[in-house]
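**Q** Sharing data19.pdb (PDB, C-alpha atoms) below.
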```pdb
ATOM      1  CA  ASN G   1       0.000   0.000   0.000  1.00  0.00           C
ATOM      2  CA  ALA G   2       1.158   3.504  -0.726  1.00  0.00           C
ATOM      3  CA  GLY G   3       2.174   5.547   2.255  1.00  0.00           C
ATOM      4  CA  VAL G   4       4.920   6.348   4.714  1.00  0.00           C
ATOM      5  CA  THR G   5       7.110   3.551   6.052  1.00  0.00           C
ATOM      6  CA  GLN G   6       9.138   3.927   9.225  1.00  0.00           C
ATOM      7  CA  THR G   7      11.792   1.596  10.594  1.00  0.00           C
ATOM      8  CA  PRO G   8      12.334   0.317  13.185  1.00  0.00           C
ATOM      9  CA  LYS G   9       9.000   0.139  14.994  1.00  0.00           C
ATOM     10  CA  PHE G  10      10.593  -0.293  18.422  1.00  0.00           C
ATOM     11  CA  GLN G  11      14.050   0.456  19.770  1.00  0.00           C
ATOM     12  CA  VAL G  12      15.719   0.509  23.152  1.00  0.00           C
ATOM     13  CA  LEU G  13      18.953   2.472  23.453  1.00  0.00           C
ATOM     14  CA  LYS G  14      21.384   3.057  26.249  1.00  0.00           C
ATOM     15  CA  THR G  15      22.230   6.636  27.136  1.00  0.00           C
ATOM     16  CA  GLY G  16      24.955   7.880  24.838  1.00  0.00           C
ATOM     17  CA  GLN G  17      24.277   5.438  22.019  1.00  0.00           C
ATOM     18  CA  SER G  18      23.464   6.673  18.543  1.00  0.00           C
ATOM     19  CA  MET G  19      20.904   5.522  16.030  1.00  0.00           C
ATOM     20  CA  THR G  20      19.117   6.535  12.864  1.00  0.00           C
ATOM     21  CA  LEU G  21      15.393   6.359  12.327  1.00  0.00           C
ATOM     22  CA  GLN G  22      14.475   5.679   8.731  1.00  0.00           C
ATOM     23  CA  CYS G  23      11.487   7.018   6.810  1.00  0.00           C
ATOM     24  CA  ALA G  24      10.436   6.515   3.212  1.00  0.00           C
ATOM     25  CA  GLN G  25       7.367   7.592   1.267  1.00  0.00           C
ATOM     26  CA  ASP G  26       6.139   6.443  -2.108  1.00  0.00           C
ATOM     27  CA  MET G  27       3.566   9.137  -2.856  1.00  0.00           C
ATOM     28  CA  ASN G  28       5.980  11.446  -4.684  1.00  0.00           C
ATOM     29  CA  HIS G  29       5.533  14.070  -1.978  1.00  0.00           C
ATOM     30  CA  ASN G  30       8.024  16.905  -1.867  1.00  0.00           C
ATOM     31  CA  SER G  31       7.812  17.741   1.833  1.00  0.00           C
ATOM     32  CA  MET G  32       8.679  15.487   4.765  1.00  0.00           C
ATOM     33  CA  TYR G  33       8.595  15.944   8.529  1.00  0.00           C
ATOM     34  CA  TRP G  34       9.688  14.395  11.795  1.00  0.00           C
ATOM     35  CA  TYR G  35       7.499  14.783  14.877  1.00  0.00           C
ATOM     36  CA  ARG G  36       7.746  13.399  18.370  1.00  0.00           C
ATOM     37  CA  GLN G  37       4.763  12.597  20.566  1.00  0.00           C
ATOM     38  CA  ASP G  38       4.976  12.775  24.329  1.00  0.00           C
ATOM     39  CA  PRO G  39       2.179  12.369  26.887  1.00  0.00           C
ATOM     40  CA  GLY G  40       0.330  15.649  27.415  1.00  0.00           C
ATOM     41  CA  MET G  41       2.424  17.399  24.763  1.00  0.00           C
ATOM     42  CA  GLY G  42       0.754  16.491  21.498  1.00  0.00           C
ATOM     43  CA  LEU G  43       2.991  16.178  18.450  1.00  0.00           C
ATOM     44  CA  ARG G  44       5.957  18.517  18.214  1.00  0.00           C
ATOM     45  CA  LEU G  45       7.914  19.195  15.063  1.00  0.00           C
ATOM     46  CA  ILE G  46      11.596  18.248  15.224  1.00  0.00           C
ATOM     47  CA  TYR G  47      12.809  18.897  11.673  1.00  0.00           C
ATOM     48  CA  TYR G  48      11.272  19.191   8.264  1.00  0.00           C
ATOM     49  CA  SER G  49      12.334  19.150   4.647  1.00  0.00           C
ATOM     50  CA  ALA G  50      10.396  21.335   2.249  1.00  0.00           C
ATOM     51  CA  SER G  51      11.952  19.643  -0.759  1.00  0.00           C
ATOM     52  CA  GLU G  52      14.840  17.375  -1.699  1.00  0.00           C
ATOM     53  CA  GLY G  53      18.086  18.983  -0.669  1.00  0.00           C
ATOM     54  CA  THR G  54      16.657  21.260   2.026  1.00  0.00           C
ATOM     55  CA  THR G  55      16.124  20.785   5.749  1.00  0.00           C
ATOM     56  CA  ASP G  56      15.051  23.144   8.516  1.00  0.00           C
ATOM     57  CA  LYS G  57      14.634  23.079  12.255  1.00  0.00           C
ATOM     58  CA  GLY G  58      11.271  22.749  13.868  1.00  0.00           C
ATOM     59  CA  GLU G  59      10.169  23.393  17.407  1.00  0.00           C
ATOM     60  CA  VAL G  60      12.406  20.857  19.227  1.00  0.00           C
ATOM     61  CA  PRO G  61      15.542  20.175  17.106  1.00  0.00           C
ATOM     62  CA  ASN G  62      18.169  19.916  19.864  1.00  0.00           C
ATOM     63  CA  GLY G  63      19.865  16.526  20.001  1.00  0.00           C
ATOM     64  CA  TYR G  64      18.792  15.514  16.506  1.00  0.00           C
ATOM     65  CA  ASN G  65      20.091  15.688  12.963  1.00  0.00           C
ATOM     66  CA  VAL G  66      18.344  14.869   9.705  1.00  0.00           C
ATOM     67  CA  SER G  67      19.230  13.868   6.192  1.00  0.00           C
ATOM     68  CA  ARG G  68      17.020  14.155   3.130  1.00  0.00           C
ATOM     69  CA  LEU G  69      18.697  11.385   1.203  1.00  0.00           C
ATOM     70  CA  ASN G  70      16.510  11.736  -1.885  1.00  0.00           C
ATOM     71  CA  LYS G  71      12.910  12.620  -2.605  1.00  0.00           C
ATOM     72  CA  ARG G  72      11.631   9.424  -0.978  1.00  0.00           C
ATOM     73  CA  GLU G  73      13.742   9.189   2.162  1.00  0.00           C
ATOM     74  CA  PHE G  74      14.166  11.380   5.219  1.00  0.00           C
ATOM     75  CA  SER G  75      16.158  10.049   8.162  1.00  0.00           C
ATOM     76  CA  LEU G  76      16.428  11.256  11.749  1.00  0.00           C
ATOM     77  CA  ARG G  77      19.636  10.684  13.709  1.00  0.00           C
ATOM     78  CA  LEU G  78      20.250  10.755  17.430  1.00  0.00           C
ATOM     79  CA  GLU G  79      23.984  11.189  17.908  1.00  0.00           C
ATOM     80  CA  SER G  80      24.076  10.636  21.666  1.00  0.00           C
ATOM     81  CA  ALA G  81      20.747   9.454  23.016  1.00  0.00           C
ATOM     82  CA  ALA G  82      19.405  10.849  26.283  1.00  0.00           C
ATOM     83  CA  PRO G  83      16.485   9.648  28.431  1.00  0.00           C
ATOM     84  CA  SER G  84      14.634  12.862  27.506  1.00  0.00           C
ATOM     85  CA  GLN G  85      14.491  11.541  23.949  1.00  0.00           C
ATOM     86  CA  THR G  86      12.300   8.646  25.008  1.00  0.00           C
ATOM     87  CA  SER G  87       9.244   9.211  22.852  1.00  0.00           C
ATOM     88  CA  VAL G  88       7.211   8.023  19.907  1.00  0.00           C
ATOM     89  CA  TYR G  89       8.570   9.413  16.657  1.00  0.00           C
ATOM     90  CA  PHE G  90       6.404   9.975  13.611  1.00  0.00           C
ATOM     91  CA  CYS G  91       7.488  10.719  10.092  1.00  0.00           C
ATOM     92  CA  ALA G  92       5.046  12.426   7.730  1.00  0.00           C
ATOM     93  CA  SER G  93       4.936  13.693   4.189  1.00  0.00           C
ATOM     94  CA  SER G  94       2.824  16.158   2.242  1.00  0.00           C
ATOM     95  CA  GLU G  95       2.407  17.702  -1.153  1.00  0.00           C
ATOM     96  CA  SER G  96       4.049  21.093  -1.381  1.00  0.00           C
ATOM     97  CA  THR G  97       1.516  22.839  -3.512  1.00  0.00           C
ATOM     98  CA  GLY G  98      -0.681  24.173  -0.752  1.00  0.00           C
ATOM     99  CA  ARG G  99      -3.087  21.268  -0.573  1.00  0.00           C
ATOM    100  CA  MET G 100      -3.456  21.489   3.161  1.00  0.00           C
ATOM    101  CA  SER G 101      -7.019  20.396   2.606  1.00  0.00           C
ATOM    102  CA  VAL G 102      -5.637  16.868   2.780  1.00  0.00           C
ATOM    103  CA  GLY G 103      -2.932  17.440   5.356  1.00  0.00           C
ATOM    104  CA  TYR G 104      -0.057  15.114   6.021  1.00  0.00           C
ATOM    105  CA  THR G 105       0.261  11.362   5.673  1.00  0.00           C
ATOM    106  CA  PHE G 106       1.899   9.837   8.733  1.00  0.00           C
ATOM    107  CA  GLY G 107       3.875   6.678   9.243  1.00  0.00           C
ATOM    108  CA  SER G 108       2.974   4.266  12.014  1.00  0.00           C
ATOM    109  CA  GLY G 109       5.686   5.519  14.346  1.00  0.00           C
ATOM    110  CA  THR G 110       8.872   4.379  16.100  1.00  0.00           C
ATOM    111  CA  ARG G 111       8.667   3.841  19.838  1.00  0.00           C
ATOM    112  CA  LEU G 112      12.075   4.714  21.271  1.00  0.00           C
ATOM    113  CA  THR G 113      13.127   4.128  24.854  1.00  0.00           C
ATOM    114  CA  VAL G 114      16.438   5.463  26.148  1.00  0.00           C
ATOM    115  CA  VAL G 115      17.601   3.892  29.393  1.00  0.00           C
TER     116      VAL G 115
ATOM    117  CA  ASP I 116       3.675  28.507  24.669  1.00  0.00           C
ATOM    118  CA  GLN I 117       0.879  26.247  23.465  1.00  0.00           C
ATOM    119  CA  GLN I 118      -0.533  27.846  20.317  1.00  0.00           C
ATOM    120  CA  VAL I 119      -3.150  25.136  19.816  1.00  0.00           C
ATOM    121  CA  LYS I 120      -5.009  23.971  22.880  1.00  0.00           C
ATOM    122  CA  GLN I 121      -7.345  21.101  23.529  1.00  0.00           C
ATOM    123  CA  ASN I 122      -8.485  21.638  27.081  1.00  0.00           C
ATOM    124  CA  SER I 123     -10.386  18.385  27.471  1.00  0.00           C
ATOM    125  CA  PRO I 124      -7.999  15.434  27.757  1.00  0.00           C
ATOM    126  CA  SER I 125     -10.876  12.977  27.543  1.00  0.00           C
ATOM    127  CA  LEU I 126     -14.517  12.682  26.585  1.00  0.00           C
ATOM    128  CA  SER I 127     -17.016   9.845  27.004  1.00  0.00           C
ATOM    129  CA  VAL I 128     -20.126   9.674  24.821  1.00  0.00           C
ATOM    130  CA  GLN I 129     -22.818   7.076  24.359  1.00  0.00           C
ATOM    131  CA  GLU I 130     -23.148   5.360  21.014  1.00  0.00           C
ATOM    132  CA  GLY I 131     -25.579   7.214  18.768  1.00  0.00           C
ATOM    133  CA  ARG I 132     -25.172  10.536  20.530  1.00  0.00           C
ATOM    134  CA  ILE I 133     -23.208  13.568  19.370  1.00  0.00           C
ATOM    135  CA  SER I 134     -19.515  13.945  20.213  1.00  0.00           C
ATOM    136  CA  ILE I 135     -18.176  17.499  20.349  1.00  0.00           C
ATOM    137  CA  LEU I 136     -14.434  18.008  20.537  1.00  0.00           C
ATOM    138  CA  ASN I 137     -13.106  21.509  21.056  1.00  0.00           C
ATOM    139  CA  CYS I 138      -9.922  23.292  20.126  1.00  0.00           C
ATOM    140  CA  ASP I 139      -8.673  26.832  20.744  1.00  0.00           C
ATOM    141  CA  TYR I 140      -5.760  28.616  19.130  1.00  0.00           C
ATOM    142  CA  THR I 141      -3.862  31.796  19.820  1.00  0.00           C
ATOM    143  CA  ASN I 142      -1.989  32.511  16.584  1.00  0.00           C
ATOM    144  CA  SER I 143      -4.091  34.734  14.318  1.00  0.00           C
ATOM    145  CA  MET I 144      -1.843  33.802  11.388  1.00  0.00           C
ATOM    146  CA  PHE I 145      -3.238  30.280  11.228  1.00  0.00           C
ATOM    147  CA  ASP I 146      -5.014  29.742   7.924  1.00  0.00           C
ATOM    148  CA  TYR I 147      -5.833  26.076   7.799  1.00  0.00           C
ATOM    149  CA  PHE I 148      -7.205  23.836  10.505  1.00  0.00           C
ATOM    150  CA  LEU I 149      -7.267  20.070  10.497  1.00  0.00           C
ATOM    151  CA  TRP I 150      -8.447  17.220  12.654  1.00  0.00           C
ATOM    152  CA  TYR I 151      -6.557  13.957  12.928  1.00  0.00           C
ATOM    153  CA  LYS I 152      -7.644  10.707  14.492  1.00  0.00           C
ATOM    154  CA  LYS I 153      -5.178   8.343  16.136  1.00  0.00           C
ATOM    155  CA  TYR I 154      -5.597   4.752  17.212  1.00  0.00           C
ATOM    156  CA  PRO I 155      -3.063   3.130  19.585  1.00  0.00           C
ATOM    157  CA  ALA I 156       0.149   1.969  17.907  1.00  0.00           C
ATOM    158  CA  GLU I 157      -0.781   3.715  14.660  1.00  0.00           C
ATOM    159  CA  GLY I 158       0.088   7.041  13.103  1.00  0.00           C
ATOM    160  CA  PRO I 159      -2.445   9.877  13.026  1.00  0.00           C
ATOM    161  CA  THR I 160      -4.803   9.798  10.073  1.00  0.00           C
ATOM    162  CA  PHE I 161      -6.321  12.845   8.468  1.00  0.00           C
ATOM    163  CA  LEU I 162     -10.027  13.298   9.187  1.00  0.00           C
ATOM    164  CA  ILE I 163     -11.292  16.668   8.008  1.00  0.00           C
ATOM    165  CA  SER I 164     -10.023  20.185   7.416  1.00  0.00           C
ATOM    166  CA  ILE I 165     -11.292  23.715   7.084  1.00  0.00           C
ATOM    167  CA  SER I 166      -9.749  26.862   5.708  1.00  0.00           C
ATOM    168  CA  SER I 167     -10.087  30.222   7.393  1.00  0.00           C
ATOM    169  CA  ILE I 168     -12.411  31.519   4.693  1.00  0.00           C
ATOM    170  CA  LYS I 169     -15.111  29.072   5.761  1.00  0.00           C
ATOM    171  CA  ASP I 170     -16.974  28.570   9.009  1.00  0.00           C
ATOM    172  CA  LYS I 171     -18.172  25.030   8.420  1.00  0.00           C
ATOM    173  CA  ASN I 172     -17.081  21.932   6.564  1.00  0.00           C
ATOM    174  CA  GLU I 173     -18.945  18.654   6.526  1.00  0.00           C
ATOM    175  CA  ASP I 174     -17.911  15.148   5.542  1.00  0.00           C
ATOM    176  CA  GLY I 175     -20.409  12.431   6.335  1.00  0.00           C
ATOM    177  CA  ARG I 176     -20.768  12.102  10.100  1.00  0.00           C
ATOM    178  CA  PHE I 177     -18.009  14.641  10.720  1.00  0.00           C
ATOM    179  CA  THR I 178     -18.461  18.417  10.742  1.00  0.00           C
ATOM    180  CA  VAL I 179     -15.870  20.999  11.676  1.00  0.00           C
ATOM    181  CA  PHE I 180     -16.932  24.488  12.753  1.00  0.00           C
ATOM    182  CA  LEU I 181     -14.597  27.467  12.825  1.00  0.00           C
ATOM    183  CA  ASN I 182     -15.170  30.670  14.779  1.00  0.00           C
ATOM    184  CA  LYS I 183     -12.318  32.945  13.794  1.00  0.00           C
ATOM    185  CA  SER I 184     -13.273  35.824  16.049  1.00  0.00           C
ATOM    186  CA  ALA I 185     -13.166  33.493  19.050  1.00  0.00           C
ATOM    187  CA  LYS I 186     -10.171  31.539  17.702  1.00  0.00           C
ATOM    188  CA  HIS I 187     -12.105  28.379  18.308  1.00  0.00           C
ATOM    189  CA  LEU I 188     -12.919  25.291  16.302  1.00  0.00           C
ATOM    190  CA  SER I 189     -14.899  22.217  17.071  1.00  0.00           C
ATOM    191  CA  LEU I 190     -15.415  18.772  15.610  1.00  0.00           C
ATOM    192  CA  HIS I 191     -18.890  17.242  15.738  1.00  0.00           C
ATOM    193  CA  ILE I 192     -19.400  13.530  15.209  1.00  0.00           C
ATOM    194  CA  VAL I 193     -23.003  12.489  14.661  1.00  0.00           C
ATOM    195  CA  PRO I 194     -23.948   9.779  15.383  1.00  0.00           C
ATOM    196  CA  SER I 195     -20.989   8.540  17.420  1.00  0.00           C
ATOM    197  CA  GLN I 196     -19.940   4.934  16.881  1.00  0.00           C
ATOM    198  CA  PRO I 197     -17.705   2.631  18.950  1.00  0.00           C
ATOM    199  CA  GLY I 198     -15.141   2.692  16.149  1.00  0.00           C
ATOM    200  CA  ASP I 199     -14.770   6.434  16.709  1.00  0.00           C
ATOM    201  CA  SER I 200     -13.027   5.725  20.030  1.00  0.00           C
ATOM    202  CA  ALA I 201      -9.559   7.189  19.504  1.00  0.00           C
ATOM    203  CA  VAL I 202      -7.430  10.215  20.304  1.00  0.00           C
ATOM    204  CA  TYR I 203      -8.319  13.274  18.249  1.00  0.00           C
ATOM    205  CA  PHE I 204      -5.779  15.982  17.525  1.00  0.00           C
ATOM    206  CA  CYS I 205      -6.568  19.373  16.093  1.00  0.00           C
ATOM    207  CA  ALA I 206      -3.817  21.033  14.110  1.00  0.00           C
ATOM    208  CA  ALA I 207      -3.275  24.404  12.489  1.00  0.00           C
ATOM    209  CA  SER I 208      -1.085  25.787   9.748  1.00  0.00           C
ATOM    210  CA  PRO I 209      -0.206  29.452   9.157  1.00  0.00           C
ATOM    211  CA  TRP I 210      -0.163  29.150   5.387  1.00  0.00           C
ATOM    212  CA  ALA I 211      -0.782  26.613   2.692  1.00  0.00           C
ATOM    213  CA  GLY I 212       2.409  26.856   0.737  1.00  0.00           C
ATOM    214  CA  THR I 213       5.557  24.807   0.603  1.00  0.00           C
ATOM    215  CA  ALA I 214       6.083  22.626   3.672  1.00  0.00           C
ATOM    216  CA  SER I 215       3.238  24.109   5.656  1.00  0.00           C
ATOM    217  CA  LYS I 216       4.148  23.268   9.214  1.00  0.00           C
ATOM    218  CA  LEU I 217       1.361  21.923  11.339  1.00  0.00           C
ATOM    219  CA  THR I 218       1.113  22.830  15.011  1.00  0.00           C
ATOM    220  CA  PHE I 219      -0.805  20.210  16.968  1.00  0.00           C
ATOM    221  CA  GLY I 220      -2.904  20.339  20.083  1.00  0.00           C
ATOM    222  CA  THR I 221      -2.377  17.897  22.931  1.00  0.00           C
ATOM    223  CA  GLY I 222      -5.249  15.629  21.915  1.00  0.00           C
ATOM    224  CA  THR I 223      -8.614  14.534  23.317  1.00  0.00           C
ATOM    225  CA  ARG I 224      -9.294  10.867  23.983  1.00  0.00           C
ATOM    226  CA  LEU I 225     -12.830  10.008  22.883  1.00  0.00           C
ATOM    227  CA  GLN I 226     -14.502   6.922  24.311  1.00  0.00           C
ATOM    228  CA  VAL I 227     -17.781   5.893  22.695  1.00  0.00           C
ATOM    229  CA  THR I 228     -19.668   3.569  24.987  1.00  0.00           C
ATOM    230  CA  LEU I 229     -22.385   1.086  24.099  1.00  0.00           C
TER     231      LEU I 229
END
```
Would it be possible to restate this file's structure as structure tokens?
**A**
Amino acid sequence: NAGVTQTPKFQVLKTGQSMTLQCAQDMNHNSMYWYRQDPGMGLRLIYYSASEGTTDKGEVPNGYNVSRLNKREFSLRLESAAPSQTSVYFCASSESTGRMSVGYTFGSGTRLTVV
Amino acid sequence: DQQVKQNSPSLSVQEGRISILNCDYTNSMFDYFLWYKKYPAEGPTFLISISSIKDKNEDGRFTVFLNKSAKHLSLHIVPSQPGDSAVYFCAASPWAGTASKLTFGTGTRLQVTL
């Protein structure tokens, strides 16, 4: 099925370890996003990529880096994981032509625990 | 600074009755408003949207109302069904151009009881 695919679905890291969360979409969308969801906080934007070759910080970028590898793929990297980064991470994509009437398409999420 | 607020963390409604979920915002630059539905262990899915030039948008059992002067929107679900039990997020975007960034509320958990 067309959509946004995230890997892995679950991950446990030790403090200080690094990892990369992968995201790929097959809808030919130009824009991609990384959000984190924490209890009582809703979804907060970490980084986004308006188009291939560009990335920008969102609301909570500290401790993260991103790479827009090509039009399909947008990865999120934690260089040195901290317990505060325990969260559920969602990748999303959207058309870039103002069709906010249909919003974003989200992946199913990565549940990350940092111990 | 929470620009999009959902003040009710949870709501319980009987099957067949109306569910009303509320959302307030503070940023007058928001142009587009959306509702997402989220089941456990799944990503949010788009439900319905409304642009700032309208005050109502309807899609089947779902209707979104926008009151710009009050900076308030609401989602009505009529009639409510058990399958509607989920967390509902409202979201807002300041403009509908390239990479419109959505700001989300904290969510309201709807429980539809038999």
**Q** So, with all atoms listed in the file as the atoms that count, which of I:Thr221, I:Asn137, I:Ser143, I:Ser215 lies closest to chain G?
**A** I:Thr221
**Q** Enumerate, in order of chain and increasing residue number, the residues of chain G with an atom no farther than 9 Å from chain I, each with its shortest atom pair and distance in Å to one decimal, counting only C-alpha atoms, as CSV.
**A**
```
residue,atom,partner,partner_atom,distance
G:Asn30,CA,I:Ala214,CA,8.2
G:Ser31,CA,I:Ala214,CA,5.5
G:Met32,CA,I:Ala214,CA,7.7
G:Tyr33,CA,I:Lys216,CA,8.6
G:Pro39,CA,I:Thr221,CA,8.2
G:Gly40,CA,I:Thr221,CA,5.7
G:Met41,CA,I:Thr221,CA,5.2
G:Gly42,CA,I:Thr221,CA,3.7
G:Leu43,CA,I:Phe219,CA,5.7
G:Arg44,CA,I:Phe219,CA,7.1
G:Leu45,CA,I:Thr218,CA,7.7
G:Tyr48,CA,I:Ala214,CA,7.7
G:Ser49,CA,I:Ala214,CA,7.2
G:Ala50,CA,I:Ala214,CA,4.7
G:Ser51,CA,I:Ala214,CA,7.9
G:Gly58,CA,I:Lys216,CA,8.5
G:Phe90,CA,I:Gly158,CA,7.0
G:Cys91,CA,I:Gly158,CA,8.8
G:Ser94,CA,I:Ala214,CA,7.4
G:Glu95,CA,I:Ala214,CA,7.8
G:Ser96,CA,I:Thr213,CA,4.5
G:Thr97,CA,I:Gly212,CA,5.9
G:Gly98,CA,I:Ala211,CA,4.2
G:Arg99,CA,I:Ala211,CA,6.7
G:Met100,CA,I:Ala211,CA,5.8
G:Ser101,CA,I:Ser164,CA,5.7
G:Val102,CA,I:Phe161,CA,7.0
G:Gly103,CA,I:Phe161,CA,6.5
G:Tyr104,CA,I:Phe161,CA,7.1
G:Thr105,CA,I:Thr160,CA,6.9
G:Phe106,CA,I:Gly158,CA,5.5
G:Gly107,CA,I:Gly158,CA,5.4
G:Ser108,CA,I:Gly158,CA,4.1
G:Gly109,CA,I:Gly158,CA,5.9
G:Arg111,CA,I:Ala156,CA,8.9
```
**Q** Please expand the PyMOL selection byres ((chain G and resi 22) around 8) into the concrete residues it hits in this file, giving the result as a ChimeraX atom specification.
**A** /G:6-8,20-21,23-24,73-76
**Q** Would you mind listing what lies within 10 Å of Asn182 (chain I) as an MDAnalysis selection string, with all atoms listed in the file counted and same-chain residues fewer than 4 positions away left out?
**A** chainID I and resid 139 167 169:171 186:189
**Q** Please provide as a list in words all residues within 9 Å of region 196-201 of chain I, with the sequence filter that same-chain residues fewer than 4 positions apart are discarded (counting only C-alpha atoms).
**A**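 The filter keeps Gln129, Glu130, Gly131, Arg132, Lys152, Lys153, Tyr154, Pro155, Ile192, Thr223, Arg224, Leu225, Gln226, Val227, Thr228 and Leu229 of chain I.
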**Q** Residues of the last selection are to be written out with C-alpha atoms, as a PDB file, keeping the file's coordinate frame.
**A**
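After the write, part_14.pdb holds the following:
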```pdb
ATOM      1  CA  GLN I 129     -22.818   7.076  24.359  1.00  0.00           C
ATOM      2  CA  GLU I 130     -23.148   5.360  21.014  1.00  0.00           C
ATOM      3  CA  GLY I 131     -25.579   7.214  18.768  1.00  0.00           C
ATOM      4  CA  ARG I 132     -25.172  10.536  20.530  1.00  0.00           C
ATOM      5  CA  LYS I 152      -7.644  10.707  14.492  1.00  0.00           C
ATOM      6  CA  LYS I 153      -5.178   8.343  16.136  1.00  0.00           C
ATOM      7  CA  TYR I 154      -5.597   4.752  17.212  1.00  0.00           C
ATOM      8  CA  PRO I 155      -3.063   3.130  19.585  1.00  0.00           C
ATOM      9  CA  ILE I 192     -19.400  13.530  15.209  1.00  0.00           C
ATOM     10  CA  THR I 223      -8.614  14.534  23.317  1.00  0.00           C
ATOM     11  CA  ARG I 224      -9.294  10.867  23.983  1.00  0.00           C
ATOM     12  CA  LEU I 225     -12.830  10.008  22.883  1.00  0.00           C
ATOM     13  CA  GLN I 226     -14.502   6.922  24.311  1.00  0.00           C
ATOM     14  CA  VAL I 227     -17.781   5.893  22.695  1.00  0.00           C
ATOM     15  CA  THR I 228     -19.668   3.569  24.987  1.00  0.00           C
ATOM     16  CA  LEU I 229     -22.385   1.086  24.099  1.00  0.00           C
TER      17      LEU I 229
END
```
**Q** Report, in Å with one decimal, the straight-line distance from CA of Phe177 (chain I) to CA of His191 (chain I).
**A**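 For CA of Phe177 (chain I) relative to CA of His191 (chain I), the distance reads 5.7 Å.
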**Q** Report, in Å to a single decimal, how far apart CA of Tyr140 (chain I) and CA of Asn62 (chain G) are.
**A** 25.5 Å
**Q** For CA of Ser93 (chain G) and CA of Thr54 (chain G), quote the distance in Å rounded to one decimal.
**A**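 Value for the CA of Ser93 (chain G)-CA of Thr54 (chain G) distance: 14.1 Å.
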**Q** What would the selection look like, as JSON, numbers by chain, if the PyMOL selection byres ((chain G and resi 25) around 6) were run on the coordinates I just shared?
**A** {"G": [3, 4, 24, 26, 27, 72]}
**Q** Evaluate the PyMOL selection byres ((chain G and resi 57) around 8) and record the selected residues as a ChimeraX atom specification, following the chain and residue labels used in the document.
**A** /G:46-48,55-56,58-61
**Q** Would you output that residue set with C-alpha atoms, as a short mmCIF file (atom, residue, chain, number, x, y, z; two decimals), in the frame of the given file?
**A**
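Wrote result.cif, looks like this:
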```cif
data_model
loop_
_atom_site.label_atom_id
_atom_site.label_comp_id
_atom_site.auth_asym_id
_atom_site.auth_seq_id
_atom_site.Cartn_x
_atom_site.Cartn_y
_atom_site.Cartn_z
CA ILE G 46 11.60 18.25 15.22
CA TYR G 47 12.81 18.90 11.67
CA TYR G 48 11.27 19.19 8.26
CA THR G 55 16.12 20.78 5.75
CA ASP G 56 15.05 23.14 8.52
CA GLY G 58 11.27 22.75 13.87
CA GLU G 59 10.17 23.39 17.41
CA VAL G 60 12.41 20.86 19.23
CA PRO G 61 15.54 20.18 17.11
#
```
**Q** Mind checking which residues fall within 7 Å of Ala81 (chain G), counting all atoms listed in the file, ignoring those fewer than 2 positions away in the same chain, and posting them as a list in words?
**A** Thr15, Gly16, Gln17, Ser18, Leu78, Glu79, Pro83, Gln85 and Val114 of chain G
**Q** Would you mind exporting C-alpha atoms of the selected residues as a PDB file, keeping the file's coordinate frame?
**A**
```
ATOM      1  CA  THR G  15      22.230   6.636  27.136  1.00  0.00           C
ATOM      2  CA  GLY G  16      24.955   7.880  24.838  1.00  0.00           C
ATOM      3  CA  GLN G  17      24.277   5.438  22.019  1.00  0.00           C
ATOM      4  CA  SER G  18      23.464   6.673  18.543  1.00  0.00           C
ATOM      5  CA  LEU G  78      20.250  10.755  17.430  1.00  0.00           C
ATOM      6  CA  GLU G  79      23.984  11.189  17.908  1.00  0.00           C
ATOM      7  CA  PRO G  83      16.485   9.648  28.431  1.00  0.00           C
ATOM      8  CA  GLN G  85      14.491  11.541  23.949  1.00  0.00           C
ATOM      9  CA  VAL G 114      16.438   5.463  26.148  1.00  0.00           C
TER      10      VAL G 114
END
```
**Q** For a cutoff of 10 Å around the file-coordinate point (14.0, 2.3, 23.1), which residues qualify once you count all atoms listed in the file? I'd like the result as a list in words.
**A** Lys9, Phe10, Gln11, Val12, Leu13, Lys14, Ala81, Pro83, Gln85, Thr86, Ser87, Val88, Thr110, Arg111, Leu112, Thr113, Val114 and Val115 of chain G
**Q** With the input short on atoms, add N, CA, C and O atoms back to region 159-164 of chain I and write it as a PDB file, keeping the file's coordinate frame.
**A**
```
ATOM      1  N   PRO I 159      -1.220   9.096  13.211  1.00  0.00           N
ATOM      2  CA  PRO I 159      -2.445   9.877  13.026  1.00  0.00           C
ATOM      3  C   PRO I 159      -2.930   9.794  11.582  1.00  0.00           C
ATOM      4  O   PRO I 159      -2.119   9.735  10.647  1.00  0.00           O
ATOM      5  N   THR I 160      -4.227   9.782  11.422  1.00  0.00           N
ATOM      6  CA  THR I 160      -4.803   9.798  10.073  1.00  0.00           C
ATOM      7  C   THR I 160      -5.675  11.033   9.914  1.00  0.00           C
ATOM      8  O   THR I 160      -6.422  11.411  10.832  1.00  0.00           O
ATOM      9  N   PHE I 161      -5.578  11.631   8.759  1.00  0.00           N
ATOM     10  CA  PHE I 161      -6.321  12.845   8.468  1.00  0.00           C
ATOM     11  C   PHE I 161      -7.822  12.566   8.470  1.00  0.00           C
ATOM     12  O   PHE I 161      -8.281  11.574   7.913  1.00  0.00           O
ATOM     13  N   LEU I 162      -8.576  13.479   9.084  1.00  0.00           N
ATOM     14  CA  LEU I 162     -10.027  13.298   9.187  1.00  0.00           C
ATOM     15  C   LEU I 162     -10.780  14.341   8.372  1.00  0.00           C
ATOM     16  O   LEU I 162     -11.538  14.024   7.471  1.00  0.00           O
ATOM     17  N   ILE I 163     -10.554  15.600   8.660  1.00  0.00           N
ATOM     18  CA  ILE I 163     -11.292  16.668   8.008  1.00  0.00           C
ATOM     19  C   ILE I 163     -10.529  17.975   8.212  1.00  0.00           C
ATOM     20  O   ILE I 163      -9.775  18.101   9.182  1.00  0.00           O
ATOM     21  N   SER I 164     -10.710  18.908   7.297  1.00  0.00           N
ATOM     22  CA  SER I 164     -10.023  20.185   7.416  1.00  0.00           C
ATOM     23  C   SER I 164     -10.975  21.329   7.098  1.00  0.00           C
ATOM     24  O   SER I 164     -12.079  21.123   6.569  1.00  0.00           O
TER      25      SER I 164
END
```
